[in-house]
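A.B. asks: The following file, final34.txt, comprises compact mmCIF, C-alpha atoms:
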```
# COMPACT_ATOMS: atom_id res chain seq x y z
CA MET A 1 35.52 -10.99 44.41
CA GLU A 2 34.49 -10.80 40.74
CA LYS A 3 32.82 -7.51 39.82
CA SER A 4 29.44 -7.99 38.06
CA GLU A 5 29.05 -6.62 34.49
CA THR A 6 27.37 -3.21 34.31
CA THR A 7 25.81 -1.13 31.55
CA HIS A 8 23.91 2.10 31.22
CA PHE A 9 20.18 2.60 31.41
CA GLY A 10 19.82 6.19 30.35
CA TYR A 11 22.20 8.07 32.65
CA GLN A 12 22.03 5.38 35.33
CA THR A 13 24.53 2.56 35.66
CA VAL A 14 22.80 -0.74 36.22
CA ALA A 15 23.75 -4.41 36.25
CA ALA A 16 23.76 -5.77 32.68
CA SER A 17 21.25 -8.42 33.69
CA GLU A 18 18.79 -5.69 34.78
CA LYS A 19 18.77 -3.52 31.64
CA ALA A 20 16.53 -5.74 29.51
CA HIS A 21 13.99 -5.87 32.33
CA LYS A 22 14.03 -2.08 32.76
CA VAL A 23 13.74 -1.46 29.01
CA ALA A 24 10.82 -3.89 28.93
CA GLU A 25 9.08 -1.84 31.64
CA VAL A 26 9.52 1.32 29.56
CA PHE A 27 8.04 -0.22 26.44
CA ASP A 28 5.23 -1.99 28.28
CA SER A 29 4.31 1.44 29.58
CA VAL A 30 4.36 3.30 26.26
CA ALA A 31 3.25 0.55 23.83
CA SER A 32 -0.38 1.65 23.59
CA ARG A 33 0.54 5.26 22.68
CA TYR A 34 3.79 4.50 20.85
CA ASP A 35 2.69 5.55 17.34
CA LEU A 36 0.95 8.70 18.53
CA MET A 37 3.98 9.72 20.59
CA ASN A 38 6.33 9.12 17.66
CA ASP A 39 4.22 11.42 15.51
CA LEU A 40 4.08 14.11 18.19
CA MET A 41 7.77 13.91 19.11
CA SER A 42 9.09 14.04 15.57
CA LEU A 43 6.23 16.05 14.02
CA GLY A 44 5.67 13.10 11.71
CA VAL A 45 9.23 13.12 10.33
CA HIS A 46 9.89 9.62 11.73
CA ARG A 47 7.84 8.32 8.78
CA LEU A 48 10.31 9.89 6.34
CA TRP A 49 13.30 8.54 8.30
CA LYS A 50 11.76 5.07 8.03
CA ARG A 51 11.05 5.48 4.32
CA PHE A 52 14.66 6.50 3.76
CA ALA A 53 15.92 3.47 5.72
CA VAL A 54 13.73 1.19 3.59
CA SER A 55 15.10 2.81 0.43
CA LEU A 56 18.58 1.59 1.47
CA THR A 57 17.54 -2.04 1.87
CA GLY A 58 17.77 -2.82 -1.85
CA LEU A 59 15.05 -5.43 -1.42
CA ARG A 60 13.84 -7.47 -4.36
CA PRO A 61 10.81 -9.72 -4.79
CA GLY A 62 11.27 -13.00 -2.97
CA ASP A 63 13.78 -11.70 -0.37
CA ARG A 64 13.69 -12.80 3.27
CA VAL A 65 13.91 -10.00 5.82
CA LEU A 66 14.26 -9.81 9.59
CA ASP A 67 12.80 -6.63 11.09
CA LEU A 68 14.39 -6.55 14.55
CA ALA A 69 12.93 -4.43 17.34
CA GLY A 70 10.15 -4.02 14.79
CA GLY A 71 7.71 -2.70 17.36
CA THR A 72 4.52 -1.57 15.75
CA GLY A 73 5.56 -2.80 12.31
CA ASP A 74 6.20 0.47 10.45
CA LEU A 75 9.27 -0.83 8.62
CA THR A 76 7.66 -4.21 7.94
CA TYR A 77 4.62 -2.53 6.40
CA ARG A 78 6.85 -0.48 4.09
CA MET A 79 9.00 -3.47 3.11
CA LEU A 80 6.14 -5.88 2.38
CA PRO A 81 5.41 -4.65 -1.16
CA LEU A 82 9.13 -4.66 -1.96
CA VAL A 83 9.55 -8.38 -1.18
CA GLY A 84 6.22 -9.15 -2.85
CA LEU A 85 3.99 -12.14 -2.31
CA LYS A 86 6.90 -14.59 -2.64
CA GLY A 87 9.07 -12.82 -0.07
CA ARG A 88 8.87 -13.23 3.69
CA ILE A 89 9.37 -10.88 6.62
CA VAL A 90 9.99 -11.88 10.20
CA LEU A 91 8.81 -9.14 12.55
CA SER A 92 10.67 -9.54 15.81
CA ASP A 93 10.72 -7.67 19.10
CA ILE A 94 11.89 -8.59 22.58
CA ASN A 95 8.80 -6.96 24.04
CA ALA A 96 5.50 -8.85 23.83
CA SER A 97 3.36 -5.69 24.16
CA MET A 98 5.07 -4.02 21.23
CA LEU A 99 5.02 -7.17 19.10
CA GLY A 100 1.34 -7.71 19.87
CA GLY A 101 0.61 -4.12 18.87
CA GLY A 102 2.53 -4.56 15.63
CA ARG A 103 0.71 -7.79 14.81
CA LYS A 104 -2.69 -6.23 15.44
CA ARG A 105 -1.86 -3.19 13.34
CA LEU A 106 -0.55 -5.25 10.39
CA VAL A 107 -3.54 -7.60 10.44
CA ASP A 108 -5.81 -4.55 10.47
CA GLU A 109 -3.93 -3.25 7.42
CA GLY A 110 -4.61 -6.54 5.65
CA ALA A 111 -0.94 -7.52 5.72
CA VAL A 112 -1.13 -11.26 6.31
CA GLY A 113 0.31 -14.43 4.80
CA ASN A 114 3.99 -13.69 4.46
CA ILE A 115 4.81 -12.25 7.89
CA ASP A 116 6.04 -14.27 10.86
CA TYR A 117 6.10 -12.88 14.38
CA VAL A 118 8.93 -13.88 16.68
CA GLN A 119 9.56 -12.61 20.20
CA ALA A 120 13.33 -12.71 20.40
CA ASP A 121 16.38 -11.15 22.02
CA ALA A 122 18.59 -9.44 19.41
CA GLU A 123 21.67 -10.78 21.20
CA GLN A 124 20.55 -14.39 20.79
CA LEU A 125 18.73 -14.63 17.50
CA PRO A 126 16.88 -17.95 17.12
CA PHE A 127 17.62 -18.27 13.40
CA SER A 128 20.00 -20.44 11.40
CA ASP A 129 23.17 -18.99 9.91
CA ASN A 130 22.84 -17.29 6.50
CA THR A 131 19.03 -16.98 6.61
CA PHE A 132 18.18 -13.39 5.65
CA HIS A 133 18.85 -11.13 2.68
CA CYS A 134 18.40 -8.11 4.89
CA ILE A 135 18.08 -7.27 8.58
CA THR A 136 16.68 -3.97 9.77
CA ILE A 137 16.63 -2.57 13.28
CA GLY A 138 14.78 0.72 13.66
CA PHE A 139 15.17 2.71 16.88
CA GLY A 140 16.05 -0.46 18.75
CA LEU A 141 19.81 -0.88 18.95
CA ARG A 142 20.28 1.70 21.71
CA ASN A 143 18.06 -0.40 23.99
CA VAL A 144 20.12 -3.55 23.48
CA THR A 145 22.35 -4.34 26.46
CA ARG A 146 25.35 -5.81 24.61
CA LYS A 147 25.37 -4.16 21.20
CA GLU A 148 28.48 -5.96 19.93
CA ARG A 149 26.91 -9.32 20.69
CA ALA A 150 23.73 -8.29 18.85
CA LEU A 151 25.70 -7.11 15.81
CA GLU A 152 27.56 -10.43 15.71
CA ALA A 153 24.24 -12.32 15.91
CA MET A 154 22.86 -10.25 13.02
CA TYR A 155 26.01 -10.89 10.98
CA ARG A 156 25.61 -14.63 11.56
CA ALA A 157 21.94 -14.64 10.49
CA LEU A 158 22.58 -12.68 7.29
CA LYS A 159 23.24 -14.44 3.99
CA PRO A 160 26.49 -13.54 2.20
CA GLY A 161 25.66 -10.40 0.23
CA GLY A 162 23.04 -9.49 2.81
CA ARG A 163 22.92 -6.10 4.45
CA LEU A 164 22.15 -4.70 7.86
CA ILE A 165 20.28 -1.39 8.12
CA ILE A 166 20.38 0.39 11.46
CA LEU A 167 18.04 3.35 11.88
CA GLU A 168 18.75 5.06 15.17
CA PHE A 169 18.85 8.38 16.93
CA SER A 170 22.34 9.78 16.80
CA HIS A 171 24.33 12.89 17.57
CA PRO A 172 23.41 16.21 15.85
CA VAL A 173 26.10 17.53 13.54
CA ALA A 174 24.32 20.56 12.05
CA PRO A 175 25.75 23.82 13.50
CA GLY A 176 23.65 25.26 16.33
CA LEU A 177 21.26 22.32 16.45
CA LYS A 178 22.58 20.60 19.58
CA PRO A 179 21.47 23.19 22.23
CA ILE A 180 17.97 23.38 20.72
CA TYR A 181 17.75 19.61 20.49
CA ASP A 182 18.92 19.20 24.12
CA LEU A 183 16.38 21.72 25.34
CA TYR A 184 13.62 19.95 23.43
CA SER A 185 14.70 16.49 24.64
CA PHE A 186 15.07 17.24 28.32
CA ALA A 187 12.39 19.92 28.81
CA ALA A 188 9.62 19.37 26.26
CA LEU A 189 9.78 15.61 25.72
CA PRO A 190 9.06 14.50 29.31
CA ILE A 191 6.13 16.94 29.46
CA LEU A 192 4.78 15.58 26.18
CA GLY A 193 5.23 12.05 27.54
CA GLN A 194 3.33 12.95 30.71
CA LEU A 195 0.48 14.57 28.80
CA VAL A 196 0.00 11.90 26.13
CA ALA A 197 1.31 8.63 27.54
CA HIS A 198 1.03 9.61 31.26
CA ASP A 199 4.65 8.58 31.68
CA ALA A 200 7.31 11.29 31.88
CA ALA A 201 10.02 8.91 33.16
CA SER A 202 9.95 6.70 30.06
CA TYR A 203 10.46 9.69 27.79
CA ARG A 204 13.22 11.00 30.02
CA TYR A 205 14.84 7.60 29.55
CA LEU A 206 14.41 8.01 25.79
CA ALA A 207 16.32 11.31 25.81
CA GLU A 208 19.06 9.93 28.06
CA SER A 209 19.45 6.69 26.11
CA ILE A 210 19.94 8.68 22.89
CA ARG A 211 22.81 10.61 24.53
CA MET A 212 24.43 7.39 25.73
CA HIS A 213 24.16 5.69 22.33
CA PRO A 214 27.41 5.56 20.30
CA ASP A 215 27.84 8.43 17.85
CA GLN A 216 27.92 7.89 14.08
CA GLU A 217 31.65 7.13 13.77
CA THR A 218 31.74 4.85 16.82
CA LEU A 219 28.82 2.80 15.58
CA LEU A 220 30.47 2.57 12.16
CA ARG A 221 33.61 1.10 13.78
CA MET A 222 31.47 -1.31 15.82
CA LEU A 223 29.89 -2.54 12.58
CA GLU A 224 33.31 -3.08 11.02
CA SER A 225 34.57 -4.87 14.13
CA SER A 226 31.61 -7.26 13.89
CA GLY A 227 32.67 -8.29 10.38
CA PHE A 228 30.51 -6.02 8.24
CA GLU A 229 32.07 -4.52 5.11
CA ARG A 230 31.41 -1.47 2.92
CA CYS A 231 29.98 0.22 6.01
CA GLN A 232 28.62 3.73 5.68
CA TYR A 233 26.15 6.02 7.38
CA PHE A 234 23.71 8.74 6.31
CA ASN A 235 22.83 11.62 8.61
CA LEU A 236 19.18 12.68 8.54
CA SER A 237 17.68 15.89 9.95
CA GLY A 238 21.09 17.29 10.84
CA GLY A 239 22.30 14.09 12.50
CA ILE A 240 19.38 13.74 14.92
CA VAL A 241 18.97 10.39 13.23
CA ALA A 242 21.49 8.32 11.29
CA VAL A 243 21.08 5.28 9.10
CA HIS A 244 24.04 2.87 9.10
CA ARG A 245 24.41 0.20 6.46
CA GLY A 246 26.88 -2.67 6.36
CA TYR A 247 27.21 -5.73 4.10
CA LYS A 248 28.18 -9.30 4.86
CA PHE A 249 30.40 -10.74 2.11
CA MET B 1 18.02 13.58 1.19
CA LEU B 2 14.47 13.25 2.49
CA MET B 3 12.80 15.20 -0.34
CA PRO B 4 11.92 12.22 -2.60
CA ALA B 5 10.61 10.35 0.46
CA ALA B 6 8.55 13.39 1.47
CA PHE B 7 7.12 13.71 -2.06
CA ALA B 8 6.20 10.01 -2.17
CA ALA B 9 4.67 10.20 1.32
CA GLY B 10 2.60 13.25 0.42
CA LEU B 11 1.37 11.67 -2.79
CA GLU B 12 0.51 8.44 -0.98
CA THR B 13 -1.52 10.25 1.65
CA ALA B 14 -3.39 12.35 -0.92
CA LEU B 15 -4.03 9.40 -3.23
CA ASN B 16 -5.33 7.15 -0.46
CA ARG B 17 -7.52 9.87 0.97
CA TYR B 18 -9.00 10.38 -2.49
CA LEU B 19 -9.44 6.65 -3.06
CA SER B 20 -11.13 6.21 0.32
CA LEU B 21 -13.99 8.43 -0.88
CA ASP B 22 -15.19 5.61 -3.17
CA PRO B 23 -16.08 2.56 -1.03
CA ASP B 24 -16.07 0.22 -4.05
CA ILE B 25 -12.51 0.90 -5.14
CA LEU B 26 -10.54 -1.09 -2.53
CA PRO B 27 -11.73 -4.58 -3.56
CA GLN B 28 -10.79 -3.71 -7.12
CA LEU B 29 -7.38 -2.45 -6.04
CA ALA B 30 -6.86 -5.70 -4.12
CA GLU B 31 -7.03 -7.56 -7.43
CA LEU B 32 -3.90 -5.69 -8.48
CA ALA B 33 -1.96 -6.69 -5.34
CA GLY B 34 1.52 -7.94 -6.19
CA THR B 35 1.92 -5.66 -9.21
CA VAL B 36 4.29 -2.69 -9.27
CA ILE B 37 3.51 0.36 -11.40
CA ALA B 38 6.43 2.70 -12.06
CA ILE B 39 5.52 6.27 -12.99
CA GLU B 40 8.33 8.35 -14.45
CA PRO B 41 7.36 12.01 -14.92
CA GLU B 42 9.89 13.51 -17.33
CA GLY B 43 11.88 16.42 -15.97
CA LEU B 44 11.36 15.60 -12.29
CA GLY B 45 14.38 13.29 -12.10
CA MET B 46 12.60 10.69 -10.00
CA THR B 47 10.49 7.59 -10.43
CA LEU B 48 7.50 6.81 -8.25
CA TYR B 49 6.58 3.19 -7.63
CA LEU B 50 2.93 2.41 -6.89
CA PHE B 51 2.04 -0.78 -5.01
CA PRO B 52 -1.74 -1.31 -5.10
CA GLY B 53 -3.23 -3.47 -2.35
CA ALA B 54 -6.33 -4.20 -0.32
CA GLN B 55 -5.79 -1.13 1.85
CA GLY B 56 -4.99 1.37 -0.89
CA VAL B 57 -1.81 2.26 -2.68
CA GLN B 58 1.68 2.48 -1.22
CA VAL B 59 3.94 4.94 -3.01
CA MET B 60 7.71 4.54 -2.79
CA ASP B 61 10.53 6.51 -4.39
CA CYS B 62 12.77 3.48 -4.85
CA TYR B 63 12.46 -0.15 -5.91
CA ASP B 64 15.29 -2.47 -6.88
CA GLY B 65 13.07 -5.11 -8.51
CA LYS B 66 11.57 -4.97 -12.01
CA PRO B 67 8.22 -3.13 -12.09
CA THR B 68 5.27 -4.84 -13.77
CA VAL B 69 4.79 -1.79 -15.96
CA ARG B 70 6.72 1.43 -16.41
CA ILE B 71 4.90 4.55 -17.69
CA ARG B 72 6.99 7.50 -18.80
CA GLY B 73 5.72 10.86 -20.01
CA ALA B 74 5.38 14.58 -19.39
CA PRO B 75 3.71 15.31 -16.01
CA LEU B 76 0.70 16.93 -17.73
CA ALA B 77 0.25 13.94 -20.06
CA LEU B 78 0.37 11.57 -17.07
CA ILE B 79 -2.27 13.58 -15.20
CA GLN B 80 -4.54 13.66 -18.27
CA GLN B 81 -4.13 9.92 -18.72
CA TRP B 82 -5.04 9.36 -15.06
CA ARG B 83 -8.23 11.40 -15.53
CA GLY B 84 -9.16 9.24 -18.51
CA GLN B 85 -8.62 12.01 -21.05
CA SER B 86 -6.59 11.64 -24.24
CA ALA B 87 -3.01 12.31 -23.24
CA GLY B 88 0.13 13.47 -25.03
CA GLU B 89 3.01 11.19 -25.93
CA MET B 90 3.76 8.50 -23.35
CA THR B 91 6.01 5.45 -23.26
CA VAL B 92 4.71 2.25 -21.70
CA GLU B 93 7.09 -0.64 -21.01
CA GLY B 94 6.17 -4.04 -19.58
CA ASP B 95 2.66 -5.31 -18.95
CA ALA B 96 0.55 -2.54 -20.47
CA ALA B 97 -2.65 -4.35 -19.42
CA THR B 98 -1.81 -3.80 -15.73
CA GLY B 99 -1.25 -0.11 -16.38
CA GLN B 100 -4.56 0.12 -18.23
CA ARG B 101 -6.45 -1.67 -15.44
CA PHE B 102 -5.01 0.71 -12.84
CA GLN B 103 -5.72 3.77 -14.97
CA ALA B 104 -9.28 2.55 -15.67
CA LEU B 105 -9.84 2.14 -11.91
CA LEU B 106 -8.75 5.70 -11.21
CA ALA B 107 -10.71 7.10 -14.16
CA ARG B 108 -14.01 5.49 -13.14
CA LEU B 109 -13.64 6.47 -9.51
CA ASP B 110 -17.20 7.31 -8.55
CA ILE B 111 -17.20 9.65 -5.59
CA ASP B 112 -20.53 10.58 -4.06
CA TRP B 113 -19.49 14.05 -2.86
CA GLU B 114 -23.01 14.78 -1.67
CA GLU B 115 -22.90 11.82 0.72
CA HIS B 116 -19.54 12.85 2.18
CA LEU B 117 -20.64 16.46 2.46
CA SER B 118 -23.81 15.43 4.30
CA ASN B 119 -21.65 14.08 7.16
CA VAL B 120 -20.38 17.61 7.72
CA VAL B 121 -23.29 19.94 6.94
CA GLY B 122 -26.31 17.64 7.11
CA ASP B 123 -28.51 16.03 4.42
CA ALA B 124 -30.60 19.07 3.44
CA ALA B 125 -27.71 21.50 3.04
CA ALA B 126 -25.62 18.86 1.25
CA HIS B 127 -28.47 18.25 -1.21
CA GLN B 128 -28.86 21.99 -1.84
CA LEU B 129 -25.12 22.40 -2.37
CA GLY B 130 -25.10 19.32 -4.62
CA GLN B 131 -27.93 20.75 -6.75
CA PHE B 132 -26.14 24.10 -6.97
CA TRP B 133 -22.89 22.37 -7.98
CA HIS B 134 -24.57 20.24 -10.68
CA GLY B 135 -26.34 23.33 -12.06
CA PHE B 136 -23.12 25.34 -12.01
CA ARG B 137 -21.20 22.52 -13.71
CA ASN B 138 -23.82 22.11 -16.46
CA TRP B 139 -23.88 25.86 -17.02
CA GLY B 140 -20.05 25.87 -17.23
CA GLN B 141 -20.05 23.02 -19.74
CA GLN B 142 -22.68 24.74 -21.89
CA MET B 143 -20.81 28.05 -21.73
CA SER B 144 -17.47 26.51 -22.70
CA ALA B 145 -19.10 24.58 -25.60
CA MET B 146 -20.81 27.78 -26.81
CA LEU B 147 -17.60 29.82 -26.56
CA LEU B 148 -15.72 27.16 -28.48
CA ARG B 149 -18.38 27.03 -31.21
CA ASP B 150 -18.74 30.81 -31.53
CA GLY B 151 -14.97 31.33 -31.43
CA SER B 152 -14.32 28.86 -34.21
CA GLU B 153 -17.14 30.35 -36.33
CA TYR B 154 -15.71 33.85 -35.86
CA LEU B 155 -12.18 32.74 -36.83
CA GLN B 156 -13.37 30.63 -39.79
CA GLN B 157 -16.24 32.65 -41.21
CA GLU B 158 -15.78 36.27 -40.09
CA LEU B 159 -12.00 36.71 -40.07
CA ARG B 160 -11.36 33.79 -42.47
CA VAL B 161 -7.96 33.10 -40.83
CA LEU B 162 -8.69 29.41 -40.18
CA PRO B 163 -10.07 26.81 -42.59
CA SER B 164 -13.17 24.81 -41.69
CA ARG B 165 -12.86 21.21 -40.48
CA PRO B 166 -14.19 19.67 -43.80
CA ALA B 167 -11.68 21.79 -45.77
CA VAL B 168 -8.79 20.61 -43.52
CA GLU B 169 -9.88 16.98 -43.78
CA SER B 170 -10.18 17.24 -47.57
CA PHE B 171 -6.72 18.82 -47.78
CA LEU B 172 -5.18 16.09 -45.57
CA SER B 173 -6.81 13.38 -47.73
CA ALA B 174 -5.38 15.01 -50.85
CA VAL B 175 -1.92 15.06 -49.24
CA ASP B 176 -2.25 11.34 -48.45
CA VAL B 177 -3.25 10.56 -52.05
CA LEU B 178 -0.35 12.65 -53.38
CA ARG B 179 2.12 10.87 -51.01
CA GLU B 180 0.94 7.46 -52.18
CA ASP B 181 1.13 8.55 -55.87
CA THR B 182 4.71 9.80 -55.48
CA ASP B 183 5.68 6.57 -53.69
CA ARG B 184 4.27 4.56 -56.62
CA LEU B 185 6.00 6.84 -59.16
CA GLU B 186 9.32 6.47 -57.30
CA ALA B 187 8.97 2.67 -57.39
CA ARG B 188 8.27 2.78 -61.16
CA ILE B 189 11.30 5.01 -61.81
CA VAL B 190 13.53 2.64 -59.83
CA ARG B 191 12.18 -0.33 -61.83
CA LEU B 192 12.70 1.46 -65.16
CA ARG B 193 16.26 2.45 -64.21
CA ARG B 194 17.07 -1.17 -63.40
CA LEU B 195 15.67 -2.32 -66.76
CA LEU B 196 17.74 0.30 -68.67
CA THR B 197 20.98 -0.49 -66.81
CA GLY B 198 20.39 -4.26 -66.93
CA ASP B 199 20.79 -4.48 -63.14
CA ASN B 200 18.19 -6.91 -61.82
CA GLY B 201 18.93 -5.99 -58.21
CA PRO B 202 18.48 -8.30 -55.28
CA ALA B 203 16.35 -11.39 -55.86
```
Turn the structure described in the file into structure tokens.

C.D. replies:
Amino acid sequence: MEKSETTHFGYQTVAASEKAHKVAEVFDSVASRYDLMNDLMSLGVHRLWKRFAVSLTGLRPGDRVLDLAGGTGDLTYRMLPLVGLKGRIVLSDINASMLGGGRKRLVDEGAVGNIDYVQADAEQLPFSDNTFHCITIGFGLRNVTRKERALEAMYRALKPGGRLIILEFSHPVAPGLKPIYDLYSFAALPILGQLVAHDAASYRYLAESIRMHPDQETLLRMLESSGFERCQYFNLSGGIVAVHRGYKF
Amino acid sequence: MLMPAAFAAGLETALNRYLSLDPDILPQLAELAGTVIAIEPEGLGMTLYLFPGAQGVQVMDCYDGKPTVRIRGAPLALIQQWRGQSAGEMTVEGDAATGQRFQALLARLDIDWEEHLSNVVGDAAAHQLGQFWHGFRNWGQQMSAMLLRDGSEYLQQELRVLPSRPAVESFLSAVDVLREDTDRLEARIVRLRRLLTGDNGPA
């Protein structure tokens, strides 16, 4: 009998077909308090991580960008002035609650006209080959079931010369940071999640999913295997977060 | 690695909070949407890019496109320019009109502090504090003008270590006249030398 494909959902092993559904439940649950929780969890530093990621995009006026797993639109909002009025950004997320929140927030900010909203699965991007100058995915790749397939889809959708920017939690490299970070993630984070978002389980999943995500070097090799060139990564806050960048030539 | 981003983020927050105190400023900023103003304070080793828009100003520490205008100068000169005061030496590249429009917006920012204060302490107390502040500011301005006037009189008339303004202006005019006379004399000497040597020089 053929064994069904499995993957991890935090520390659990689940059928690959189930992961997207379970991740969707997590984000449906936290969508309304997502921004507030990000600020509380990172003490506001997530805004600097996002700024740094945007600084690596090398965007110019008129560029077309795909902001995958764009959630509440933080990266899109930062990139809009860089592409200018002639550029275009597609804000995409697999989760309707998150995408709706992002759309509402951006409209409230007055960011309209050159943004499209697309609910899409990163593994099966509904865009033509060679469409975008840049693709960003911020804190989203670890929730994707088949990361290699998603990276290949991003490679396909990028124009030659285009670049992929992955902003994601990673593995601490600063001496002495790991025990403190583990304590914070597994003890404080679920309590914070319960108090603010009334959902400890989702934030426990967050901590577990970060541990199960490939470390900096592994993700770098995955990028290279998917065809990206001149790949490199930048550790931020002692490696708690890393930004990977790869080019399609 | 995050320091420039942190600096830009802090400046953006402070600038937008300041701008939000004047309800009339945002529609005027919206007219500048699509422009990019690069500010390059000398000695800091970084450039700040300002993106005005309908919701305020975004500040970034990087931009790979060409800014609409680039303003370079000493940090103090840039601050003075922003406040609408005469500034030191600055370099402006690109569309200077955009830079001037943005600077004029910031300089004529009209913040009704009394109104904002009244939300915290109430109308009566805010009015009293406003009156006190206006009185204190007028007194300060009068005092500084008086000190400046008395100080210059003491240095010019009592100690006689500084010349008076009319004397300086007269001296500078005389220097200008002398410079122009020597320029004319030099031109005459060159012409005479050519006549004597028979060299007519370039046509």

A.B. asks: Per residue of chain B within 7 Å of chain A, record the nearest atom pair and its distance in Å to one decimal, counting all atoms listed in the file, with rows in chain order and ascending residue number, as JSON lines.

C.D. replies:
```
{"residue": "B:Leu2", "atom": "CA", "partner": "A:Leu48", "partner_atom": "CA", "distance": 6.6}
{"residue": "B:Ala5", "atom": "CA", "partner": "A:Leu48", "partner_atom": "CA", "distance": 5.9}
{"residue": "B:Ala6", "atom": "CA", "partner": "A:Leu48", "partner_atom": "CA", "distance": 6.3}
{"residue": "B:Gly34", "atom": "CA", "partner": "A:Gly84", "partner_atom": "CA", "distance": 5.9}
{"residue": "B:Phe51", "atom": "CA", "partner": "A:Pro81", "partner_atom": "CA", "distance": 6.4}
{"residue": "B:Ala54", "atom": "CA", "partner": "A:Gly110", "partner_atom": "CA", "distance": 6.6}
{"residue": "B:Gln55", "atom": "CA", "partner": "A:Glu109", "partner_atom": "CA", "distance": 6.2}
{"residue": "B:Cys62", "atom": "CA", "partner": "A:Ser55", "partner_atom": "CA", "distance": 5.8}
{"residue": "B:Tyr63", "atom": "CA", "partner": "A:Leu82", "partner_atom": "CA", "distance": 6.9}
{"residue": "B:Asp64", "atom": "CA", "partner": "A:Gly58", "partner_atom": "CA", "distance": 5.6}
{"residue": "B:Gly65", "atom": "CA", "partner": "A:Arg60", "partner_atom": "CA", "distance": 4.8}
```

A.B. asks: So what do you get for CA of Asn95 in chain A versus CA of Gln119 in chain A, distance-wise?

C.D. replies: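 Going from CA of Asn95 in chain A over to CA of Gln119 in chain A, I get 6.9 Å.
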
A.B. asks: So, counting all atoms listed in the file, which residue among A:His244, A:Arg103, A:Lys159, A:Arg142 is closest to Ala207 in chain A?

C.D. replies: A:Arg142

A.B. asks: Take the point (10.8, 11.0, 24.8) in the file's coordinates, draw a sphere of radius 10 Å around it, and report as a ChimeraX atom specification every protein, DNA or RNA residue with an atom inside or on it, counting all atoms listed in the file.

C.D. replies: /A:37-38,40-42,184-194,199-210

A.B. asks: Name the residues in contact with range 8-17 of chain B at a cut-off of 9 Å, using only C-alpha atoms, excluding same-chain residues fewer than 3 positions from it; report them as a compact mmCIF listing (two decimals) with C-alpha atoms, in the coordinates of the input.

C.D. replies:
```
# COMPACT_ATOMS: atom_id res chain seq x y z
CA ARG A 47 7.84 8.32 8.78
CA LEU A 48 10.31 9.89 6.34
CA ARG A 51 11.05 5.48 4.32
CA MET B 3 12.80 15.20 -0.34
CA PRO B 4 11.92 12.22 -2.60
CA ALA B 5 10.61 10.35 0.46
CA SER B 20 -11.13 6.21 0.32
CA LEU B 21 -13.99 8.43 -0.88
CA LEU B 48 7.50 6.81 -8.25
CA TYR B 49 6.58 3.19 -7.63
CA LEU B 50 2.93 2.41 -6.89
CA GLN B 55 -5.79 -1.13 1.85
CA GLY B 56 -4.99 1.37 -0.89
CA VAL B 57 -1.81 2.26 -2.68
CA GLN B 58 1.68 2.48 -1.22
CA VAL B 59 3.94 4.94 -3.01
CA MET B 60 7.71 4.54 -2.79
CA ASP B 61 10.53 6.51 -4.39
```

A.B. asks: What is the CA of Met143 in chain B-CA of Leu155 in chain B distance in Å, reported with one decimal?

C.D. replies: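 Spanning CA of Met143 in chain B to CA of Leu155 in chain B is a straight-line distance of 18.0 Å.
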
A.B. asks: I'd like to know which of B:Gln141, B:Gln131, B:Ser118, B:Thr68 is closest to Thr35 in chain B, using all atoms listed in the file.

C.D. replies: B:Thr68

A.B. asks: Pick the closest to Ala107 in chain B from B:Met90, B:Ile79, B:Ala126, B:Leu26: which is it, counting only C-alpha atoms?

C.D. replies: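 Among B:Met90, B:Ile79, B:Ala126, B:Leu26, it is B:Ile79 that comes nearest to Ala107 in chain B.
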
A.B. asks: Taking 5 positions as the minimum chain separation for residues in the same chain, which residues sit within 12 Å of Met212 in chain A when counting all atoms listed in the file? Answer as number ranges by chain.

C.D. replies: A: 7-13, 141-145, 169-171, 205-207, 218-219

A.B. asks: Output C-alpha atoms for every residue in that selection, as a PDB file, in the coordinates of the input.

C.D. replies:
```
ATOM      1  CA  THR A   7      25.810  -1.130  31.550  1.00  0.00           C
ATOM      2  CA  HIS A   8      23.910   2.100  31.220  1.00  0.00           C
ATOM      3  CA  PHE A   9      20.180   2.600  31.410  1.00  0.00           C
ATOM      4  CA  GLY A  10      19.820   6.190  30.350  1.00  0.00           C
ATOM      5  CA  TYR A  11      22.200   8.070  32.650  1.00  0.00           C
ATOM      6  CA  GLN A  12      22.030   5.380  35.330  1.00  0.00           C
ATOM      7  CA  THR A  13      24.530   2.560  35.660  1.00  0.00           C
ATOM      8  CA  LEU A 141      19.810  -0.880  18.950  1.00  0.00           C
ATOM      9  CA  ARG A 142      20.280   1.700  21.710  1.00  0.00           C
ATOM     10  CA  ASN A 143      18.060  -0.400  23.990  1.00  0.00           C
ATOM     11  CA  VAL A 144      20.120  -3.550  23.480  1.00  0.00           C
ATOM     12  CA  THR A 145      22.350  -4.340  26.460  1.00  0.00           C
ATOM     13  CA  PHE A 169      18.850   8.380  16.930  1.00  0.00           C
ATOM     14  CA  SER A 170      22.340   9.780  16.800  1.00  0.00           C
ATOM     15  CA  HIS A 171      24.330  12.890  17.570  1.00  0.00           C
ATOM     16  CA  TYR A 205      14.840   7.600  29.550  1.00  0.00           C
ATOM     17  CA  LEU A 206      14.410   8.010  25.790  1.00  0.00           C
ATOM     18  CA  ALA A 207      16.320  11.310  25.810  1.00  0.00           C
ATOM     19  CA  THR A 218      31.740   4.850  16.820  1.00  0.00           C
ATOM     20  CA  LEU A 219      28.820   2.800  15.580  1.00  0.00           C
TER      21      LEU A 219
END
```
